[in-house]
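Enquirer: Here it is, the structure, as structure tokens.
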Amino acid sequence: MHKAGTNKNGVGIEVTGVSFRYAKAGPDVLRNVSISFLPGHVTALLGPNGCGKTTLLRLLMGALRDGSNTITIDSRDIDGISGRELGTLIAWVPQSEEATFPFIVEEYVLMGRAPYLGLLDMPSEKDRHEVGAILAELGISTLARRPMTDLSGGQQRLVSLARAMSQGTPVVALDEPATHLDMANKTRLLRILRKMADKGKTVIFSTHDPNEALMIADVVALIKDRKIMHCGPPEEVMDAKTLGELFGTQVAMMKRGGEALIGPSMALKKQTAK
């Protein structure tokens, strides 16, 4: 497991006994969920499609609100924090974001600075310099002058991450961030998330790939049937039996070169046989 950061001045989030349903007469989408998200830690929300991961992230963002929920950010009730102030505390990378207007990539990423600007203020040269550095870190500097509508799905994902990074928030939440990314860009993204946490940020991401959680997470929350099955360090909560119960299929874990690989059992048996 990667060691968590040591920044004690970061911003944490506490979720206590949260249940949520989209319609009053509808079924619970989340049921009595309690979890802490700590500064300097990467927390992975791991589970099958439809288990409630995205709903939990949207509650943390304030995109969904319910007076019965108990969610605090930096010890403050989320219901008492305005949307603009939330934008200075937590950055959000959604699972998909369709570009319908041809914003230039640089301008799109600069939108992450909006919570800090007045109504008529324009981004400063410092803002533009920081955006250039972020694009370089993500390996997408060549996209700076291209319209968002011309980008592939994977490129759009990286630009969305760049916009979140430009917000400079102490908390970053990402919904299935590696979707559409090839192996090289997925590795780059996961390394950047790990680096953020090592600098003291609170990093939260959802995934249905246990290998992503195993690679960078300090804490893994296994979510099934709208509630948290287990939560803790990956080496304590992620084993073949538990993951098999989580995903409803046989799972195998194989160690190679000191690192673990997780997947459907038959696939790993074939690799082992080679």
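By order of appearance in the structure tokens: chains A, B, ..., then residues from 1 within every chain, and ligands from 1 in the order shown.
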Range 160-225 of chain A: which residues are strand (DSSP E or B) by DSSP, as a PyMOL selection string?

Expert: chain A and resi 171-175+202-207+219-224

Enquirer: Mind checking which residues fall within 12 Å of Met148 in chain A, counting only C-alpha atoms, ignoring those fewer than 2 positions away in the same chain, and posting them as a ChimeraX atom specification?

Expert: /A:97-109,143-146,150-160

Enquirer: Tell me, as JSON, numbers by chain, which residues lie within 12 Å of Gln167 in chain A, counting only C-alpha atoms; anything in the same chain fewer than 5 positions away does not count.

Expert: {"A": [84, 85, 86, 87, 88, 89, 90, 91, 92, 93, 108, 109, 110, 111, 112, 113, 114, 115, 116, 117, 127, 130, 131, 134, 160, 161, 162, 172]}

Enquirer: Just to confirm, what's the straight-line distance from CA of His41 in chain A to CA of Ala164 in chain A in Å (one decimal)?

Expert: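 Separating CA of His41 in chain A from CA of Ala164 in chain A is a distance of 17.6 Å.
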
Enquirer: What lies within 12 Å of Arg65 in chain A using only C-alpha atoms, ignoring chain neighbours under 5 positions off, as a JSON list (two decimals) with C-alpha atoms, in the first residue's frame?

Expert:
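What ended up in selection.json:
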[["chain", "number", "residue", "atom", "x", "y", "z"],
["A", 18, "VAL", "CA", -26.50, 8.65, 4.76],
["A", 19, "SER", "CA", -29.41, 7.11, 2.87],
["A", 20, "PHE", "CA", -30.74, 8.47, -0.40],
["A", 21, "ARG", "CA", -33.52, 7.82, -2.89],
["A", 22, "TYR", "CA", -34.30, 9.77, -6.07],
["A", 55, "THR", "CA", -24.77, 8.89, -6.28],
["A", 56, "LEU", "CA", -22.42, 9.07, -3.30],
["A", 57, "LEU", "CA", -19.99, 11.27, -5.24],
["A", 58, "ARG", "CA", -22.79, 13.58, -6.36],
["A", 59, "LEU", "CA", -23.92, 13.94, -2.74],
["A", 60, "LEU", "CA", -20.38, 14.93, -1.77],
["A", 70, "THR", "CA", -25.20, 14.14, 7.37],
["A", 71, "ILE", "CA", -22.20, 15.16, 5.29],
["A", 77, "ASP", "CA", -22.44, 20.79, 7.19],
["A", 78, "ILE", "CA", -22.55, 20.66, 3.40],
["A", 79, "ASP", "CA", -26.08, 22.07, 3.36],
["A", 80, "GLY", "CA", -24.73, 25.33, 4.78],
["A", 81, "ILE", "CA", -22.07, 25.78, 2.08],
["A", 83, "GLY", "CA", -22.27, 26.17, -4.50]]

Enquirer: List as a short mmCIF file (atom, residue, chain, number, x, y, z; two decimals) with N, CA and C atoms, in the first residue's frame the protein and nucleic acid residues near Val33 in chain A, meaning an atom at most 12 Å away when only C-alpha atoms are counted, but skip any in the same chain fewer than 4 places from it.

Expert:
data_model
loop_
_atom_site.label_atom_id
_atom_site.label_comp_id
_atom_site.auth_asym_id
_atom_site.auth_seq_id
_atom_site.Cartn_x
_atom_site.Cartn_y
_atom_site.Cartn_z
N GLU A 14 -16.68 13.89 6.12
CA GLU A 14 -17.29 12.85 6.94
C GLU A 14 -18.72 12.60 6.45
N VAL A 15 -19.01 11.34 6.18
CA VAL A 15 -20.36 10.91 5.78
C VAL A 15 -20.88 10.00 6.88
N THR A 16 -22.03 10.36 7.46
CA THR A 16 -22.54 9.62 8.60
C THR A 16 -23.99 9.20 8.39
N GLY A 17 -24.21 7.89 8.28
CA GLY A 17 -25.56 7.34 8.21
C GLY A 17 -26.40 7.86 7.06
N VAL A 18 -25.79 8.05 5.89
CA VAL A 18 -26.50 8.65 4.76
C VAL A 18 -27.29 7.59 3.99
N SER A 19 -28.56 7.89 3.78
CA SER A 19 -29.41 7.11 2.87
C SER A 19 -29.97 8.07 1.84
N PHE A 20 -30.24 7.58 0.65
CA PHE A 20 -30.74 8.47 -0.40
C PHE A 20 -31.61 7.70 -1.38
N ASP A 28 -34.25 2.80 -2.06
CA ASP A 28 -33.00 3.44 -1.63
C ASP A 28 -31.92 3.19 -2.67
N VAL A 29 -31.18 4.25 -3.01
CA VAL A 29 -30.01 4.12 -3.87
C VAL A 29 -28.76 3.96 -3.00
N GLY A 52 -24.29 2.46 -6.57
CA GLY A 52 -24.47 3.70 -5.81
C GLY A 52 -23.23 4.57 -5.72
N LYS A 53 -22.14 4.20 -6.40
CA LYS A 53 -20.89 4.97 -6.32
C LYS A 53 -21.08 6.41 -6.80
N THR A 55 -23.85 8.16 -7.15
CA THR A 55 -24.77 8.89 -6.28
C THR A 55 -24.04 9.43 -5.06
N LEU A 56 -23.18 8.61 -4.46
CA LEU A 56 -22.42 9.07 -3.30
C LEU A 56 -21.52 10.24 -3.67
N LEU A 59 -23.54 13.40 -4.04
CA LEU A 59 -23.92 13.94 -2.74
C LEU A 59 -22.76 14.73 -2.13
N ASN A 69 -29.51 13.88 5.19
CA ASN A 69 -28.13 13.44 5.07
C ASN A 69 -27.23 14.18 6.05
N THR A 70 -26.20 13.50 6.53
CA THR A 70 -25.20 14.14 7.37
C THR A 70 -23.86 14.03 6.67
N ILE A 71 -23.48 15.09 5.97
CA ILE A 71 -22.20 15.16 5.29
C ILE A 71 -21.53 16.45 5.69
N ALA A 221 -13.34 1.27 -0.34
CA ALA A 221 -14.69 1.00 0.14
C ALA A 221 -15.38 0.10 -0.88
N LEU A 222 -15.74 -1.12 -0.47
CA LEU A 222 -16.42 -2.04 -1.35
C LEU A 222 -17.92 -1.81 -1.22
N ILE A 223 -18.56 -1.42 -2.32
CA ILE A 223 -19.98 -1.03 -2.29
C ILE A 223 -20.81 -2.02 -3.09
N LYS A 224 -21.83 -2.56 -2.45
CA LYS A 224 -22.73 -3.50 -3.11
C LYS A 224 -24.11 -3.35 -2.49
N ASP A 225 -25.14 -3.49 -3.34
CA ASP A 225 -26.52 -3.41 -2.86
C ASP A 225 -26.76 -2.16 -2.04
N ARG A 226 -26.21 -1.04 -2.51
CA ARG A 226 -26.48 0.29 -1.98
C ARG A 226 -25.84 0.57 -0.62
N LYS A 227 -24.95 -0.30 -0.17
CA LYS A 227 -24.28 -0.06 1.10
C LYS A 227 -22.83 -0.51 1.04
N ILE A 228 -22.05 -0.08 2.03
CA ILE A 228 -20.64 -0.43 2.08
C ILE A 228 -20.48 -1.79 2.74
N MET A 229 -19.93 -2.75 1.98
CA MET A 229 -19.67 -4.09 2.50
C MET A 229 -18.49 -4.09 3.46
N HIS A 230 -17.38 -3.53 2.99
CA HIS A 230 -16.14 -3.46 3.76
C HIS A 230 -15.43 -2.17 3.40
N CYS A 231 -14.63 -1.67 4.33
CA CYS A 231 -13.85 -0.46 4.07
C CYS A 231 -12.56 -0.54 4.86
#

Enquirer: Return the single residue from A:Glu125, A:Lys201, A:Pro234, A:Ile140 that is closest to Asn185 in chain A, with distances computed using only C-alpha atoms.

Expert: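 Checking each candidate against Asn185 in chain A, we get A:Ile140 as the closest.
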
Enquirer: In Å, with one decimal, what is the gap from CA of Gly12 in chain A to CA of Ala133 in chain A?

Expert: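 So the two atoms, CA of Gly12 in chain A and CA of Ala133 in chain A, lie 26.6 Å apart.
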
Enquirer: When you draw a straight line from CA of Asn211 in chain A to CA of Leu174 in chain A, how long is it in Å?

Expert: 16.4 Å

Enquirer: As a PyMOL selection string, which residues of range 75-205 of chain A does DSSP assign to alpha helix (DSSP H)?

Expert: chain A and resi 83-89+105-110+125-137+153-166+183-198

Enquirer: Go ahead and write the residues just picked, C-alpha atoms, as a PDB file, in the first residue's frame.

Expert:
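Heads up, here's the output in part26.pdb:
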ATOM      1  CA  GLY A  83     -22.274  26.174  -4.499  1.00  0.00           C
ATOM      2  CA  ARG A  84     -19.627  28.814  -5.216  1.00  0.00           C
ATOM      3  CA  GLU A  85     -17.731  28.075  -2.016  1.00  0.00           C
ATOM      4  CA  LEU A  86     -17.979  24.343  -2.653  1.00  0.00           C
ATOM      5  CA  GLY A  87     -16.175  25.065  -5.919  1.00  0.00           C
ATOM      6  CA  THR A  88     -13.177  26.260  -3.888  1.00  0.00           C
ATOM      7  CA  LEU A  89     -13.229  23.145  -1.683  1.00  0.00           C
ATOM      8  CA  VAL A 105      -9.080  23.488 -24.531  1.00  0.00           C
ATOM      9  CA  GLU A 106      -7.066  26.209 -22.782  1.00  0.00           C
ATOM     10  CA  GLU A 107     -10.195  28.311 -22.204  1.00  0.00           C
ATOM     11  CA  TYR A 108     -12.131  25.268 -21.014  1.00  0.00           C
ATOM     12  CA  VAL A 109      -9.467  24.426 -18.432  1.00  0.00           C
ATOM     13  CA  LEU A 110      -9.381  28.067 -17.303  1.00  0.00           C
ATOM     14  CA  GLU A 125      -1.487  35.658 -16.790  1.00  0.00           C
ATOM     15  CA  LYS A 126      -0.616  33.619 -13.699  1.00  0.00           C
ATOM     16  CA  ASP A 127      -3.791  31.573 -14.219  1.00  0.00           C
ATOM     17  CA  ARG A 128      -2.830  30.938 -17.840  1.00  0.00           C
ATOM     18  CA  HIS A 129       0.709  29.968 -16.876  1.00  0.00           C
ATOM     19  CA  GLU A 130      -0.617  27.463 -14.312  1.00  0.00           C
ATOM     20  CA  VAL A 131      -2.985  25.981 -16.884  1.00  0.00           C
ATOM     21  CA  GLY A 132      -0.075  25.553 -19.288  1.00  0.00           C
ATOM     22  CA  ALA A 133       1.874  23.694 -16.586  1.00  0.00           C
ATOM     23  CA  ILE A 134      -1.096  21.412 -15.888  1.00  0.00           C
ATOM     24  CA  LEU A 135      -1.550  20.559 -19.566  1.00  0.00           C
ATOM     25  CA  ALA A 136       2.169  19.743 -19.748  1.00  0.00           C
ATOM     26  CA  GLU A 137       1.954  17.505 -16.668  1.00  0.00           C
ATOM     27  CA  GLY A 153     -13.311  10.571 -25.462  1.00  0.00           C
ATOM     28  CA  GLY A 154      -9.970   9.820 -23.813  1.00  0.00           C
ATOM     29  CA  GLN A 155      -8.618  13.282 -24.592  1.00  0.00           C
ATOM     30  CA  GLN A 156     -11.751  14.865 -23.149  1.00  0.00           C
ATOM     31  CA  ARG A 157     -11.239  12.879 -19.942  1.00  0.00           C
ATOM     32  CA  LEU A 158      -7.740  14.277 -19.535  1.00  0.00           C
ATOM     33  CA  VAL A 159      -8.951  17.820 -20.234  1.00  0.00           C
ATOM     34  CA  SER A 160     -11.691  17.391 -17.594  1.00  0.00           C
ATOM     35  CA  LEU A 161      -9.005  16.356 -15.113  1.00  0.00           C
ATOM     36  CA  ALA A 162      -6.946  19.400 -16.108  1.00  0.00           C
ATOM     37  CA  ARG A 163      -9.896  21.676 -15.385  1.00  0.00           C
ATOM     38  CA  ALA A 164     -10.341  20.043 -11.954  1.00  0.00           C
ATOM     39  CA  MET A 165      -6.629  20.482 -11.226  1.00  0.00           C
ATOM     40  CA  SER A 166      -6.827  24.161 -12.192  1.00  0.00           C
ATOM     41  CA  MET A 183      -2.768   2.109 -20.850  1.00  0.00           C
ATOM     42  CA  ALA A 184      -0.202   4.920 -20.966  1.00  0.00           C
ATOM     43  CA  ASN A 185      -2.701   7.673 -20.160  1.00  0.00           C
ATOM     44  CA  LYS A 186      -4.390   5.566 -17.476  1.00  0.00           C
ATOM     45  CA  THR A 187      -1.016   5.076 -15.789  1.00  0.00           C
ATOM     46  CA  ARG A 188      -0.274   8.820 -16.064  1.00  0.00           C
ATOM     47  CA  LEU A 189      -3.659   9.717 -14.552  1.00  0.00           C
ATOM     48  CA  LEU A 190      -3.334   7.298 -11.628  1.00  0.00           C
ATOM     49  CA  ARG A 191       0.172   8.563 -10.861  1.00  0.00           C
ATOM     50  CA  ILE A 192      -1.116  12.140 -10.790  1.00  0.00           C
ATOM     51  CA  LEU A 193      -3.913  11.188  -8.368  1.00  0.00           C
ATOM     52  CA  ARG A 194      -1.362   9.488  -6.131  1.00  0.00           C
ATOM     53  CA  LYS A 195       0.862  12.570  -6.321  1.00  0.00           C
ATOM     54  CA  MET A 196      -2.061  14.818  -5.338  1.00  0.00           C
ATOM     55  CA  ALA A 197      -2.674  12.775  -2.196  1.00  0.00           C
ATOM     56  CA  ASP A 198       1.010  12.696  -1.335  1.00  0.00           C
TER      57      ASP A 198
END
